[in-house]
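Shown here: my_file-v4.cif, mmCIF, N, CA and C atoms.
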data_protein
#
loop_
_atom_site.label_atom_id
_atom_site.label_comp_id
_atom_site.auth_asym_id
_atom_site.auth_seq_id
_atom_site.Cartn_x
_atom_site.Cartn_y
_atom_site.Cartn_z
N MET U 9 14.20 14.81 -15.19
CA MET U 9 13.70 14.88 -13.82
C MET U 9 14.88 14.72 -12.88
N SER U 10 15.01 15.54 -11.93
CA SER U 10 16.15 15.51 -11.02
C SER U 10 16.01 14.39 -9.98
N ARG U 11 17.10 14.11 -9.33
CA ARG U 11 17.12 13.08 -8.30
C ARG U 11 16.15 13.43 -7.18
N LEU U 12 16.12 14.70 -6.80
CA LEU U 12 15.22 15.15 -5.74
C LEU U 12 13.77 14.91 -6.13
N ARG U 13 13.45 15.13 -7.37
CA ARG U 13 12.08 14.93 -7.85
C ARG U 13 11.68 13.46 -7.71
N GLN U 14 12.58 12.58 -8.04
CA GLN U 14 12.28 11.16 -7.90
C GLN U 14 12.03 10.82 -6.43
N GLN U 15 12.84 11.37 -5.55
CA GLN U 15 12.64 11.12 -4.13
C GLN U 15 11.31 11.69 -3.66
N ASP U 16 10.92 12.84 -4.21
CA ASP U 16 9.62 13.42 -3.86
C ASP U 16 8.49 12.47 -4.24
N ILE U 17 8.60 11.89 -5.43
CA ILE U 17 7.57 10.95 -5.88
C ILE U 17 7.51 9.74 -4.96
N VAL U 18 8.66 9.20 -4.63
CA VAL U 18 8.70 8.02 -3.76
C VAL U 18 8.14 8.35 -2.38
N VAL U 19 8.48 9.52 -1.85
CA VAL U 19 7.96 9.94 -0.54
C VAL U 19 6.44 10.03 -0.59
N GLU U 20 5.91 10.62 -1.64
CA GLU U 20 4.46 10.74 -1.76
C GLU U 20 3.79 9.38 -1.90
N LEU U 21 4.42 8.47 -2.63
CA LEU U 21 3.87 7.12 -2.75
C LEU U 21 3.88 6.39 -1.42
N ILE U 22 4.95 6.56 -0.65
CA ILE U 22 5.02 5.95 0.68
C ILE U 22 3.95 6.54 1.59
N GLU U 23 3.79 7.85 1.54
CA GLU U 23 2.76 8.50 2.36
C GLU U 23 1.37 8.02 1.98
N LEU U 24 1.14 7.82 0.71
CA LEU U 24 -0.15 7.30 0.26
C LEU U 24 -0.36 5.88 0.78
N CYS U 25 0.68 5.07 0.76
CA CYS U 25 0.60 3.72 1.34
C CYS U 25 0.23 3.78 2.82
N VAL U 26 0.88 4.67 3.54
CA VAL U 26 0.62 4.81 4.98
C VAL U 26 -0.83 5.23 5.21
N ASP U 27 -1.33 6.16 4.39
CA ASP U 27 -2.72 6.59 4.52
C ASP U 27 -3.69 5.44 4.27
N ILE U 28 -3.41 4.66 3.25
CA ILE U 28 -4.28 3.51 2.95
C ILE U 28 -4.22 2.49 4.08
N MET U 29 -3.03 2.28 4.63
CA MET U 29 -2.91 1.33 5.74
C MET U 29 -3.68 1.82 6.95
N ASP U 30 -3.69 3.13 7.20
CA ASP U 30 -4.48 3.69 8.30
C ASP U 30 -5.98 3.44 8.07
N GLU U 31 -6.41 3.65 6.83
CA GLU U 31 -7.81 3.38 6.49
C GLU U 31 -8.13 1.89 6.66
N LEU U 32 -7.18 1.05 6.28
CA LEU U 32 -7.37 -0.40 6.45
C LEU U 32 -7.52 -0.77 7.92
N ARG U 33 -6.71 -0.18 8.76
CA ARG U 33 -6.82 -0.44 10.20
C ARG U 33 -8.20 -0.06 10.73
N GLN U 34 -8.70 1.09 10.28
CA GLN U 34 -10.03 1.52 10.70
C GLN U 34 -11.10 0.56 10.20
N GLN U 35 -10.98 0.14 8.96
CA GLN U 35 -11.95 -0.81 8.40
C GLN U 35 -11.87 -2.16 9.11
N LEU U 36 -10.68 -2.55 9.51
CA LEU U 36 -10.52 -3.82 10.22
C LEU U 36 -11.21 -3.79 11.57
N VAL U 37 -11.11 -2.67 12.27
CA VAL U 37 -11.82 -2.52 13.54
C VAL U 37 -13.33 -2.63 13.30
N TYR U 38 -13.79 -1.94 12.27
CA TYR U 38 -15.21 -1.99 11.92
C TYR U 38 -15.62 -3.40 11.52
N PHE U 39 -14.77 -4.09 10.76
CA PHE U 39 -15.05 -5.46 10.33
C PHE U 39 -15.27 -6.38 11.53
N ARG U 40 -14.41 -6.24 12.51
CA ARG U 40 -14.49 -7.11 13.69
C ARG U 40 -15.77 -6.88 14.49
N ALA U 41 -16.27 -5.65 14.49
CA ALA U 41 -17.45 -5.31 15.29
C ALA U 41 -18.74 -5.34 14.50
N SER U 42 -18.65 -5.39 13.20
CA SER U 42 -19.81 -5.21 12.35
C SER U 42 -20.54 -6.51 12.05
N VAL U 43 -21.83 -6.35 11.76
CA VAL U 43 -22.59 -7.49 11.27
C VAL U 43 -22.56 -7.51 9.74
N TYR U 44 -22.06 -6.44 9.14
CA TYR U 44 -21.96 -6.33 7.69
C TYR U 44 -20.57 -6.78 7.22
N LYS U 45 -20.24 -8.01 7.50
CA LYS U 45 -18.90 -8.53 7.22
C LYS U 45 -18.57 -8.51 5.73
N ASP U 46 -19.51 -8.94 4.89
CA ASP U 46 -19.22 -9.03 3.46
C ASP U 46 -18.90 -7.66 2.86
N GLU U 47 -19.71 -6.66 3.19
CA GLU U 47 -19.48 -5.33 2.64
C GLU U 47 -18.14 -4.76 3.12
N THR U 48 -17.87 -4.92 4.39
CA THR U 48 -16.61 -4.41 4.95
C THR U 48 -15.42 -5.17 4.38
N ALA U 49 -15.56 -6.48 4.22
CA ALA U 49 -14.48 -7.27 3.64
C ALA U 49 -14.19 -6.83 2.20
N ASN U 50 -15.22 -6.47 1.45
CA ASN U 50 -15.01 -5.97 0.09
C ASN U 50 -14.26 -4.64 0.08
N VAL U 51 -14.58 -3.77 1.02
CA VAL U 51 -13.85 -2.49 1.13
C VAL U 51 -12.39 -2.78 1.45
N ILE U 52 -12.16 -3.69 2.36
CA ILE U 52 -10.79 -4.05 2.75
C ILE U 52 -10.03 -4.64 1.56
N ARG U 53 -10.68 -5.50 0.81
CA ARG U 53 -10.03 -6.10 -0.38
C ARG U 53 -9.66 -5.02 -1.40
N ARG U 54 -10.52 -4.03 -1.59
CA ARG U 54 -10.20 -2.94 -2.53
C ARG U 54 -8.98 -2.16 -2.04
N LYS U 55 -8.90 -1.94 -0.74
CA LYS U 55 -7.74 -1.23 -0.18
C LYS U 55 -6.45 -2.04 -0.37
N VAL U 56 -6.55 -3.35 -0.22
CA VAL U 56 -5.38 -4.21 -0.44
C VAL U 56 -4.95 -4.13 -1.90
N GLU U 57 -5.90 -4.08 -2.81
CA GLU U 57 -5.56 -3.95 -4.23
C GLU U 57 -4.92 -2.59 -4.52
N GLN U 58 -5.35 -1.56 -3.84
CA GLN U 58 -4.71 -0.25 -3.98
C GLN U 58 -3.26 -0.32 -3.51
N LEU U 59 -3.03 -1.02 -2.40
CA LEU U 59 -1.66 -1.19 -1.92
C LEU U 59 -0.83 -2.00 -2.92
N ARG U 60 -1.45 -2.97 -3.55
CA ARG U 60 -0.76 -3.78 -4.55
C ARG U 60 -0.32 -2.89 -5.73
N LEU U 61 -1.20 -2.00 -6.16
CA LEU U 61 -0.86 -1.07 -7.24
C LEU U 61 0.31 -0.18 -6.82
N LEU U 62 0.26 0.35 -5.62
CA LEU U 62 1.34 1.21 -5.15
C LEU U 62 2.66 0.46 -5.05
N ALA U 63 2.60 -0.78 -4.61
CA ALA U 63 3.82 -1.60 -4.53
C ALA U 63 4.41 -1.80 -5.92
N THR U 64 3.55 -1.98 -6.90
CA THR U 64 4.01 -2.15 -8.28
C THR U 64 4.65 -0.87 -8.79
N ILE U 65 4.03 0.26 -8.51
CA ILE U 65 4.57 1.54 -8.97
C ILE U 65 5.91 1.83 -8.31
N VAL U 66 5.97 1.64 -7.00
CA VAL U 66 7.23 1.90 -6.27
C VAL U 66 8.30 0.92 -6.70
N GLY U 67 7.90 -0.31 -7.00
CA GLY U 67 8.85 -1.32 -7.42
C GLY U 67 9.65 -1.91 -6.28
N ASP U 68 9.11 -1.82 -5.06
CA ASP U 68 9.83 -2.31 -3.89
C ASP U 68 9.56 -3.80 -3.70
N ASP U 69 10.63 -4.58 -3.67
CA ASP U 69 10.51 -6.03 -3.53
C ASP U 69 9.93 -6.43 -2.19
N GLY U 70 10.25 -5.70 -1.13
CA GLY U 70 9.74 -6.02 0.20
C GLY U 70 8.23 -5.87 0.28
N MET U 71 7.71 -4.82 -0.34
CA MET U 71 6.25 -4.64 -0.36
C MET U 71 5.58 -5.73 -1.18
N LYS U 72 6.17 -6.03 -2.32
CA LYS U 72 5.61 -7.09 -3.17
C LYS U 72 5.63 -8.43 -2.45
N GLU U 73 6.70 -8.70 -1.72
CA GLU U 73 6.82 -9.96 -0.97
C GLU U 73 5.75 -10.04 0.12
N ALA U 74 5.49 -8.94 0.82
CA ALA U 74 4.44 -8.92 1.85
C ALA U 74 3.08 -9.24 1.23
N LEU U 75 2.82 -8.70 0.07
CA LEU U 75 1.55 -8.98 -0.61
C LEU U 75 1.49 -10.42 -1.13
N ARG U 76 2.61 -10.95 -1.59
CA ARG U 76 2.63 -12.37 -2.01
C ARG U 76 2.39 -13.28 -0.81
N ASP U 77 2.98 -12.94 0.34
CA ASP U 77 2.74 -13.72 1.55
C ASP U 77 1.26 -13.68 1.93
N HIS U 78 0.65 -12.51 1.82
CA HIS U 78 -0.77 -12.36 2.10
C HIS U 78 -1.60 -13.27 1.18
N ASP U 79 -1.26 -13.27 -0.09
CA ASP U 79 -1.96 -14.12 -1.05
C ASP U 79 -1.77 -15.60 -0.74
N ALA U 80 -0.55 -15.95 -0.36
CA ALA U 80 -0.26 -17.35 -0.04
C ALA U 80 -1.04 -17.81 1.18
N MET U 81 -1.17 -16.92 2.17
CA MET U 81 -1.95 -17.28 3.36
C MET U 81 -3.43 -17.45 3.00
N ALA U 82 -3.92 -16.67 2.05
CA ALA U 82 -5.31 -16.79 1.63
C ALA U 82 -5.55 -18.12 0.93
N VAL U 83 -4.59 -18.54 0.13
CA VAL U 83 -4.71 -19.80 -0.60
C VAL U 83 -4.55 -20.99 0.35
N ALA U 84 -3.65 -20.86 1.32
CA ALA U 84 -3.37 -21.96 2.25
C ALA U 84 -4.58 -22.30 3.11
N GLY U 85 -5.47 -21.35 3.29
CA GLY U 85 -6.67 -21.62 4.06
C GLY U 85 -6.44 -21.52 5.55
N ALA U 86 -6.82 -22.58 6.23
CA ALA U 86 -6.79 -22.57 7.70
C ALA U 86 -5.37 -22.33 8.21
N MET U 87 -5.30 -21.48 9.21
CA MET U 87 -4.03 -21.21 9.87
C MET U 87 -4.32 -20.99 11.34
N GLN U 88 -3.31 -21.06 12.14
CA GLN U 88 -3.52 -20.88 13.56
C GLN U 88 -3.81 -19.42 13.86
N VAL U 89 -4.93 -19.22 14.51
CA VAL U 89 -5.32 -17.87 14.90
C VAL U 89 -5.73 -17.89 16.37
N ALA U 90 -5.74 -16.71 16.95
CA ALA U 90 -6.15 -16.59 18.35
C ALA U 90 -7.62 -16.95 18.47
N PRO U 91 -8.03 -17.48 19.61
CA PRO U 91 -9.44 -17.83 19.79
C PRO U 91 -10.33 -16.60 19.57
N GLY U 92 -11.36 -16.79 18.78
CA GLY U 92 -12.29 -15.71 18.49
C GLY U 92 -11.87 -14.83 17.32
N GLU U 93 -10.73 -15.08 16.75
CA GLU U 93 -10.22 -14.28 15.63
C GLU U 93 -10.43 -15.05 14.33
N CYS U 94 -10.74 -14.35 13.26
CA CYS U 94 -10.94 -15.03 11.98
C CYS U 94 -9.66 -14.95 11.15
N THR U 95 -9.55 -15.84 10.20
CA THR U 95 -8.35 -15.88 9.37
C THR U 95 -8.22 -14.63 8.50
N PHE U 96 -9.34 -14.08 8.05
CA PHE U 96 -9.31 -12.88 7.21
C PHE U 96 -8.66 -11.72 7.96
N SER U 97 -9.14 -11.43 9.15
CA SER U 97 -8.58 -10.30 9.90
C SER U 97 -7.14 -10.57 10.32
N THR U 98 -6.79 -11.81 10.58
CA THR U 98 -5.41 -12.15 10.91
C THR U 98 -4.49 -11.91 9.72
N ARG U 99 -4.94 -12.30 8.52
CA ARG U 99 -4.14 -12.05 7.30
C ARG U 99 -3.93 -10.56 7.07
N ILE U 100 -4.99 -9.79 7.24
CA ILE U 100 -4.90 -8.35 7.03
C ILE U 100 -3.97 -7.72 8.07
N THR U 101 -4.08 -8.16 9.31
CA THR U 101 -3.22 -7.63 10.37
C THR U 101 -1.76 -7.92 10.07
N ARG U 102 -1.46 -9.14 9.65
CA ARG U 102 -0.08 -9.50 9.32
C ARG U 102 0.42 -8.71 8.12
N LEU U 103 -0.44 -8.51 7.13
CA LEU U 103 -0.07 -7.71 5.97
C LEU U 103 0.27 -6.28 6.39
N LEU U 104 -0.56 -5.71 7.24
CA LEU U 104 -0.32 -4.34 7.71
C LEU U 104 0.99 -4.23 8.48
N GLN U 105 1.28 -5.23 9.29
CA GLN U 105 2.54 -5.21 10.04
C GLN U 105 3.73 -5.26 9.09
N SER U 106 3.67 -6.14 8.12
CA SER U 106 4.78 -6.27 7.16
C SER U 106 4.96 -5.00 6.34
N LEU U 107 3.85 -4.46 5.84
CA LEU U 107 3.94 -3.27 5.01
C LEU U 107 4.39 -2.05 5.82
N SER U 108 3.95 -1.96 7.07
CA SER U 108 4.38 -0.84 7.92
C SER U 108 5.89 -0.88 8.12
N GLN U 109 6.41 -2.07 8.40
CA GLN U 109 7.86 -2.21 8.57
C GLN U 109 8.60 -1.85 7.29
N GLN U 110 8.05 -2.27 6.16
CA GLN U 110 8.69 -2.00 4.88
C GLN U 110 8.66 -0.51 4.55
N CYS U 111 7.55 0.15 4.84
CA CYS U 111 7.47 1.60 4.59
C CYS U 111 8.46 2.36 5.46
N GLU U 112 8.59 1.95 6.72
CA GLU U 112 9.57 2.60 7.59
C GLU U 112 10.98 2.38 7.08
N SER U 113 11.25 1.18 6.63
CA SER U 113 12.57 0.87 6.08
C SER U 113 12.84 1.70 4.84
N MET U 114 11.85 1.84 3.98
CA MET U 114 12.02 2.64 2.77
C MET U 114 12.27 4.10 3.10
N ARG U 115 11.56 4.61 4.09
CA ARG U 115 11.76 6.01 4.50
C ARG U 115 13.18 6.23 5.01
N SER U 116 13.64 5.31 5.84
CA SER U 116 14.96 5.49 6.43
C SER U 116 16.08 5.33 5.40
N GLN U 117 15.84 4.54 4.38
CA GLN U 117 16.86 4.30 3.37
C GLN U 117 16.71 5.19 2.15
N LEU U 118 15.72 6.08 2.16
CA LEU U 118 15.44 6.87 0.97
C LEU U 118 16.63 7.70 0.52
N SER U 119 17.33 8.30 1.45
CA SER U 119 18.46 9.14 1.06
C SER U 119 19.64 8.30 0.58
N GLN U 120 19.69 7.04 1.00
CA GLN U 120 20.79 6.17 0.61
C GLN U 120 20.43 5.30 -0.58
N ARG U 121 19.17 5.35 -0.98
CA ARG U 121 18.65 4.47 -2.02
C ARG U 121 19.38 4.68 -3.35
N ASP U 122 19.63 3.59 -4.01
CA ASP U 122 20.26 3.64 -5.32
C ASP U 122 19.20 4.04 -6.33
N ASN U 123 19.31 5.22 -6.85
CA ASN U 123 18.31 5.74 -7.76
C ASN U 123 18.31 5.03 -9.11
N ARG U 124 19.28 4.20 -9.34
CA ARG U 124 19.31 3.47 -10.60
C ARG U 124 18.37 2.27 -10.56
N ALA U 125 17.90 1.86 -9.37
CA ALA U 125 17.00 0.71 -9.27
C ALA U 125 15.76 0.95 -10.13
N LEU U 126 15.23 2.13 -10.08
CA LEU U 126 14.12 2.52 -10.94
C LEU U 126 14.44 3.94 -11.38
N GLY U 127 14.84 4.09 -12.63
CA GLY U 127 15.27 5.39 -13.11
C GLY U 127 14.22 6.46 -12.92
N ALA U 128 14.68 7.67 -12.77
CA ALA U 128 13.77 8.80 -12.53
C ALA U 128 12.76 8.93 -13.66
N THR U 129 13.21 8.80 -14.89
CA THR U 129 12.31 8.93 -16.03
C THR U 129 11.31 7.78 -16.05
N GLU U 130 11.77 6.58 -15.76
CA GLU U 130 10.87 5.42 -15.73
C GLU U 130 9.84 5.55 -14.63
N LEU U 131 10.25 6.03 -13.46
CA LEU U 131 9.31 6.22 -12.36
C LEU U 131 8.25 7.26 -12.74
N ALA U 132 8.68 8.35 -13.34
CA ALA U 132 7.73 9.38 -13.75
C ALA U 132 6.75 8.84 -14.79
N ARG U 133 7.24 8.05 -15.73
CA ARG U 133 6.35 7.44 -16.73
C ARG U 133 5.36 6.48 -16.08
N THR U 134 5.84 5.71 -15.14
CA THR U 134 4.96 4.77 -14.45
C THR U 134 3.88 5.51 -13.68
N VAL U 135 4.25 6.58 -13.00
CA VAL U 135 3.27 7.38 -12.26
C VAL U 135 2.29 8.02 -13.22
N GLN U 136 2.78 8.53 -14.34
CA GLN U 136 1.89 9.14 -15.33
C GLN U 136 0.94 8.11 -15.93
N HIS U 137 1.45 6.91 -16.16
CA HIS U 137 0.62 5.83 -16.71
C HIS U 137 -0.51 5.46 -15.74
N HIS U 138 -0.21 5.49 -14.45
CA HIS U 138 -1.19 5.11 -13.43
C HIS U 138 -1.82 6.32 -12.76
N ARG U 139 -1.72 7.49 -13.39
CA ARG U 139 -2.20 8.72 -12.77
C ARG U 139 -3.68 8.64 -12.37
N ARG U 140 -4.52 8.16 -13.24
CA ARG U 140 -5.95 8.08 -12.92
C ARG U 140 -6.21 7.21 -11.70
N GLU U 141 -5.52 6.08 -11.64
CA GLU U 141 -5.70 5.19 -10.50
C GLU U 141 -5.19 5.84 -9.22
N LEU U 142 -4.04 6.52 -9.32
CA LEU U 142 -3.50 7.21 -8.15
C LEU U 142 -4.43 8.32 -7.68
N LEU U 143 -4.96 9.08 -8.61
CA LEU U 143 -5.88 10.15 -8.24
C LEU U 143 -7.16 9.60 -7.62
N ALA U 144 -7.59 8.43 -8.10
CA ALA U 144 -8.78 7.80 -7.53
C ALA U 144 -8.52 7.32 -6.10
N ILE U 145 -7.30 6.94 -5.81
CA ILE U 145 -6.95 6.49 -4.47
C ILE U 145 -6.88 7.67 -3.50
N CYS U 146 -6.32 8.79 -3.97
CA CYS U 146 -6.16 9.98 -3.12
C CYS U 146 -7.50 10.64 -2.86
N ARG U 147 -7.60 11.30 -1.73
CA ARG U 147 -8.77 12.12 -1.45
C ARG U 147 -8.72 13.33 -2.36
N HIS U 148 -9.83 13.61 -3.02
CA HIS U 148 -9.89 14.73 -3.95
C HIS U 148 -9.55 16.04 -3.22
N GLY U 149 -8.64 16.79 -3.81
CA GLY U 149 -8.24 18.07 -3.23
C GLY U 149 -7.15 17.99 -2.19
N SER U 150 -6.73 16.78 -1.83
CA SER U 150 -5.67 16.63 -0.81
C SER U 150 -4.32 17.04 -1.40
N ARG U 151 -3.34 17.17 -0.55
CA ARG U 151 -1.99 17.50 -0.97
C ARG U 151 -1.46 16.43 -1.93
N GLN U 152 -1.72 15.16 -1.60
CA GLN U 152 -1.26 14.08 -2.46
C GLN U 152 -1.96 14.11 -3.81
N TRP U 153 -3.24 14.40 -3.81
CA TRP U 153 -3.99 14.48 -5.06
C TRP U 153 -3.39 15.57 -5.94
N ALA U 154 -3.10 16.73 -5.36
CA ALA U 154 -2.51 17.84 -6.10
C ALA U 154 -1.12 17.45 -6.63
N PHE U 155 -0.36 16.72 -5.81
CA PHE U 155 0.99 16.32 -6.22
C PHE U 155 0.91 15.40 -7.45
N PHE U 156 0.09 14.36 -7.37
CA PHE U 156 0.01 13.41 -8.48
C PHE U 156 -0.68 14.02 -9.70
N GLN U 157 -1.49 15.01 -9.49
CA GLN U 157 -2.09 15.75 -10.61
C GLN U 157 -1.01 16.49 -11.38
N SER U 158 0.02 16.95 -10.67
CA SER U 158 1.06 17.76 -11.29
C SER U 158 2.19 16.95 -11.91
N VAL U 159 2.28 15.66 -11.59
CA VAL U 159 3.39 14.85 -12.11
C VAL U 159 3.14 14.48 -13.55
#
Taking this structure as input, can you express it in the form of structure tokens?
Amino acid sequence: MSRLRQQDIVVELIELCVDIMDELRQQLVYFRASVYKDETANVIRRKVEQLRLLATIVGDDGMKEALRDHDAMAVAGAMQVAPGECTFSTRITRLLQSLSQQCESMRSQLSQRDNRALGATELARTVQHHRRELLAICRHGSRQWAFFQSV
């Protein structure tokens, strides 16, 4: 697998992260306004787990750290939040901010990235191993779905 191919995979994984984060933002707005908090919170938790899987596949320490911070805030319990805001939505908002910054950083450093951090063959194997999960995350028939179908 060529160096360019590895970068293509990483770009698609980053784009998938961004798409999931956009969906999370929409769900968070719905969560705040909805009376169906439990159902919406479960959807949000599934999206966070999808991001966790993508962070594992990409192997980016910054993304993993953001998710560990999110988990630590959940365990710590009460934290200072704005009046009228719940700790759940505050944790998700902070996670989204951290992951957004990390995705932007990864995009800007992609051309300079040391490809030896995760070898091209190892990345392809990891993507192939998680292909079903990745395809389940992608919208069926989307460009990303077609890309991960072909890897």
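Residues in contact range of U:Leu107, defined as at most 8 Å between only C-alpha atoms, with sequence neighbours fewer than 3 positions away removed, read Met71, Ala74, Leu103, Leu104, Gln110 and Cys111 of chain U.
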Run the PyMOL selection byres (((chain U and resi 77 and name CA) around 12) and name CA) on the file and write out the hits as a list in words. Gly70, Met71, Lys72, Glu73, Ala74, Leu75, Arg76, His78, Asp79, Ala80, Met81, Ala82, Val83, Ala84, Arg99, Ile100, Arg102, Leu103, Leu104, Ser106 and Leu107 of chain U
Just write the chosen residues, N, CA and C atoms, as a PDB file, in the coordinates of the input.
ATOM      1  N   GLY U  70      10.250  -5.700  -1.130  1.00  0.00           N
ATOM      2  CA  GLY U  70       9.740  -6.020   0.200  1.00  0.00           C
ATOM      3  C   GLY U  70       8.230  -5.870   0.280  1.00  0.00           C
ATOM      4  N   MET U  71       7.710  -4.820  -0.340  1.00  0.00           N
ATOM      5  CA  MET U  71       6.250  -4.640  -0.360  1.00  0.00           C
ATOM      6  C   MET U  71       5.580  -5.730  -1.180  1.00  0.00           C
ATOM      7  N   LYS U  72       6.170  -6.030  -2.320  1.00  0.00           N
ATOM      8  CA  LYS U  72       5.610  -7.090  -3.170  1.00  0.00           C
ATOM      9  C   LYS U  72       5.630  -8.430  -2.450  1.00  0.00           C
ATOM     10  N   GLU U  73       6.700  -8.700  -1.720  1.00  0.00           N
ATOM     11  CA  GLU U  73       6.820  -9.960  -0.970  1.00  0.00           C
ATOM     12  C   GLU U  73       5.750 -10.040   0.120  1.00  0.00           C
ATOM     13  N   ALA U  74       5.490  -8.940   0.820  1.00  0.00           N
ATOM     14  CA  ALA U  74       4.440  -8.920   1.850  1.00  0.00           C
ATOM     15  C   ALA U  74       3.080  -9.240   1.230  1.00  0.00           C
ATOM     16  N   LEU U  75       2.820  -8.700   0.070  1.00  0.00           N
ATOM     17  CA  LEU U  75       1.550  -8.980  -0.610  1.00  0.00           C
ATOM     18  C   LEU U  75       1.490 -10.420  -1.130  1.00  0.00           C
ATOM     19  N   ARG U  76       2.610 -10.950  -1.590  1.00  0.00           N
ATOM     20  CA  ARG U  76       2.630 -12.370  -2.010  1.00  0.00           C
ATOM     21  C   ARG U  76       2.390 -13.280  -0.810  1.00  0.00           C
ATOM     22  N   HIS U  78       0.650 -12.510   1.820  1.00  0.00           N
ATOM     23  CA  HIS U  78      -0.770 -12.360   2.100  1.00  0.00           C
ATOM     24  C   HIS U  78      -1.600 -13.270   1.180  1.00  0.00           C
ATOM     25  N   ASP U  79      -1.260 -13.270  -0.090  1.00  0.00           N
ATOM     26  CA  ASP U  79      -1.960 -14.120  -1.050  1.00  0.00           C
ATOM     27  C   ASP U  79      -1.770 -15.600  -0.740  1.00  0.00           C
ATOM     28  N   ALA U  80      -0.550 -15.950  -0.360  1.00  0.00           N
ATOM     29  CA  ALA U  80      -0.260 -17.350  -0.040  1.00  0.00           C
ATOM     30  C   ALA U  80      -1.040 -17.810   1.180  1.00  0.00           C
ATOM     31  N   MET U  81      -1.170 -16.920   2.170  1.00  0.00           N
ATOM     32  CA  MET U  81      -1.950 -17.280   3.360  1.00  0.00           C
ATOM     33  C   MET U  81      -3.430 -17.450   3.000  1.00  0.00           C
ATOM     34  N   ALA U  82      -3.920 -16.670   2.050  1.00  0.00           N
ATOM     35  CA  ALA U  82      -5.310 -16.790   1.630  1.00  0.00           C
ATOM     36  C   ALA U  82      -5.550 -18.120   0.930  1.00  0.00           C
ATOM     37  N   VAL U  83      -4.590 -18.540   0.130  1.00  0.00           N
ATOM     38  CA  VAL U  83      -4.710 -19.800  -0.600  1.00  0.00           C
ATOM     39  C   VAL U  83      -4.550 -20.990   0.350  1.00  0.00           C
ATOM     40  N   ALA U  84      -3.650 -20.860   1.320  1.00  0.00           N
ATOM     41  CA  ALA U  84      -3.370 -21.960   2.250  1.00  0.00           C
ATOM     42  C   ALA U  84      -4.580 -22.300   3.110  1.00  0.00           C
ATOM     43  N   ARG U  99      -4.940 -12.300   8.520  1.00  0.00           N
ATOM     44  CA  ARG U  99      -4.140 -12.050   7.300  1.00  0.00           C
ATOM     45  C   ARG U  99      -3.930 -10.560   7.070  1.00  0.00           C
ATOM     46  N   ILE U 100      -4.990  -9.790   7.240  1.00  0.00           N
ATOM     47  CA  ILE U 100      -4.900  -8.350   7.030  1.00  0.00           C
ATOM     48  C   ILE U 100      -3.970  -7.720   8.070  1.00  0.00           C
ATOM     49  N   ARG U 102      -1.460  -9.140   9.650  1.00  0.00           N
ATOM     50  CA  ARG U 102      -0.080  -9.500   9.320  1.00  0.00           C
ATOM     51  C   ARG U 102       0.420  -8.710   8.120  1.00  0.00           C
ATOM     52  N   LEU U 103      -0.440  -8.510   7.130  1.00  0.00           N
ATOM     53  CA  LEU U 103      -0.070  -7.710   5.970  1.00  0.00           C
ATOM     54  C   LEU U 103       0.270  -6.280   6.390  1.00  0.00           C
ATOM     55  N   LEU U 104      -0.560  -5.710   7.240  1.00  0.00           N
ATOM     56  CA  LEU U 104      -0.320  -4.340   7.710  1.00  0.00           C
ATOM     57  C   LEU U 104       0.990  -4.230   8.480  1.00  0.00           C
ATOM     58  N   SER U 106       3.670  -6.140   8.120  1.00  0.00           N
ATOM     59  CA  SER U 106       4.780  -6.270   7.160  1.00  0.00           C
ATOM     60  C   SER U 106       4.960  -5.000   6.340  1.00  0.00           C
ATOM     61  N   LEU U 107       3.850  -4.460   5.840  1.00  0.00           N
ATOM     62  CA  LEU U 107       3.940  -3.270   5.010  1.00  0.00           C
ATOM     63  C   LEU U 107       4.390  -2.050   5.820  1.00  0.00           C
TER      64      LEU U 107
END
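The residue set within 8 Å of U:Met29, counting only N, CA and C atoms and dropping same-chain residues fewer than 4 places from it, reads Glu23, Leu24, Cys25, Arg33, Gln34, Gln35, Lys55, Leu59, Leu104 and Ser108 of chain U.
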In Å, rounded to a single decimal, give me how far atom C of U:Leu36 is from atom CA of U:Arg139. 28.8 Å
Using Å and a single decimal, report how far atom N of U:Asp16 sits from atom C of U:Arg151. 13.1 Å
The residue from U:Thr129, U:Thr64, U:Gln152, U:Gln136 with the smallest atom-to-atom distance to U:Gln14, counting all atoms listed in the file, is U:Thr129
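Put simply, the PyMOL selection byres (((chain U and resi 115 and name CA) around 12) and name CA) in this file takes in Gln15, Asp16, Val18, Val19, Glu20, Leu21, Ile22, Glu23, Cys25, Val26, Asp68, Ser108, Gln109, Gln110, Cys111, Glu112, Ser113, Met114, Ser116, Gln117, Leu118, Ser119, Gln120 and Arg121 of chain U.
A straight line drawn from atom CA of U:Gln157 to atom N of U:Gln105 is 29.1 Å long.
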For this file, the PyMOL selection byres (((chain U and resi 52 and name CA) around 9) and name CA) selects which residues, as a PyMOL selection string? chain U and resi 31-32+35-36+39+47-51+53-57+100
As JSON, numbers by chain, which residues of stretch 9-157 of chain U does DSSP assign to helix (DSSP H, G or I)? {"U": [11, 12, 13, 14, 15, 16, 17, 18, 19, 20, 21, 22, 23, 24, 25, 26, 27, 28, 29, 30, 31, 32, 33, 34, 35, 36, 37, 38, 39, 40, 41, 45, 46, 47, 48, 49, 50, 51, 52, 53, 54, 55, 56, 57, 58, 59, 60, 61, 62, 63, 64, 65, 66, 69, 70, 71, 72, 73, 74, 75, 76, 77, 78, 79, 80, 81, 82, 83, 84, 95, 96, 97, 98, 99, 100, 101, 102, 103, 104, 105, 106, 107, 108, 109, 110, 111, 112, 113, 114, 115, 116, 117, 128, 129, 130, 131, 132, 133, 134, 135, 136, 137, 139, 140, 141, 142, 143, 144, 145, 151, 152, 153, 154, 155, 156, 157]}
Return the padded bounding box of stretch 74-85 of chain U as lines of an AutoDock Vina configuration file: axis-aligned, built from all atoms listed in the file, 5 Å added on each side, with centre and edge lengths in Å to one decimal.
center_x = -0.6
center_y = -15.5
center_z = 1.8
size_x = 22.2
size_y = 23.6
size_z = 17.6
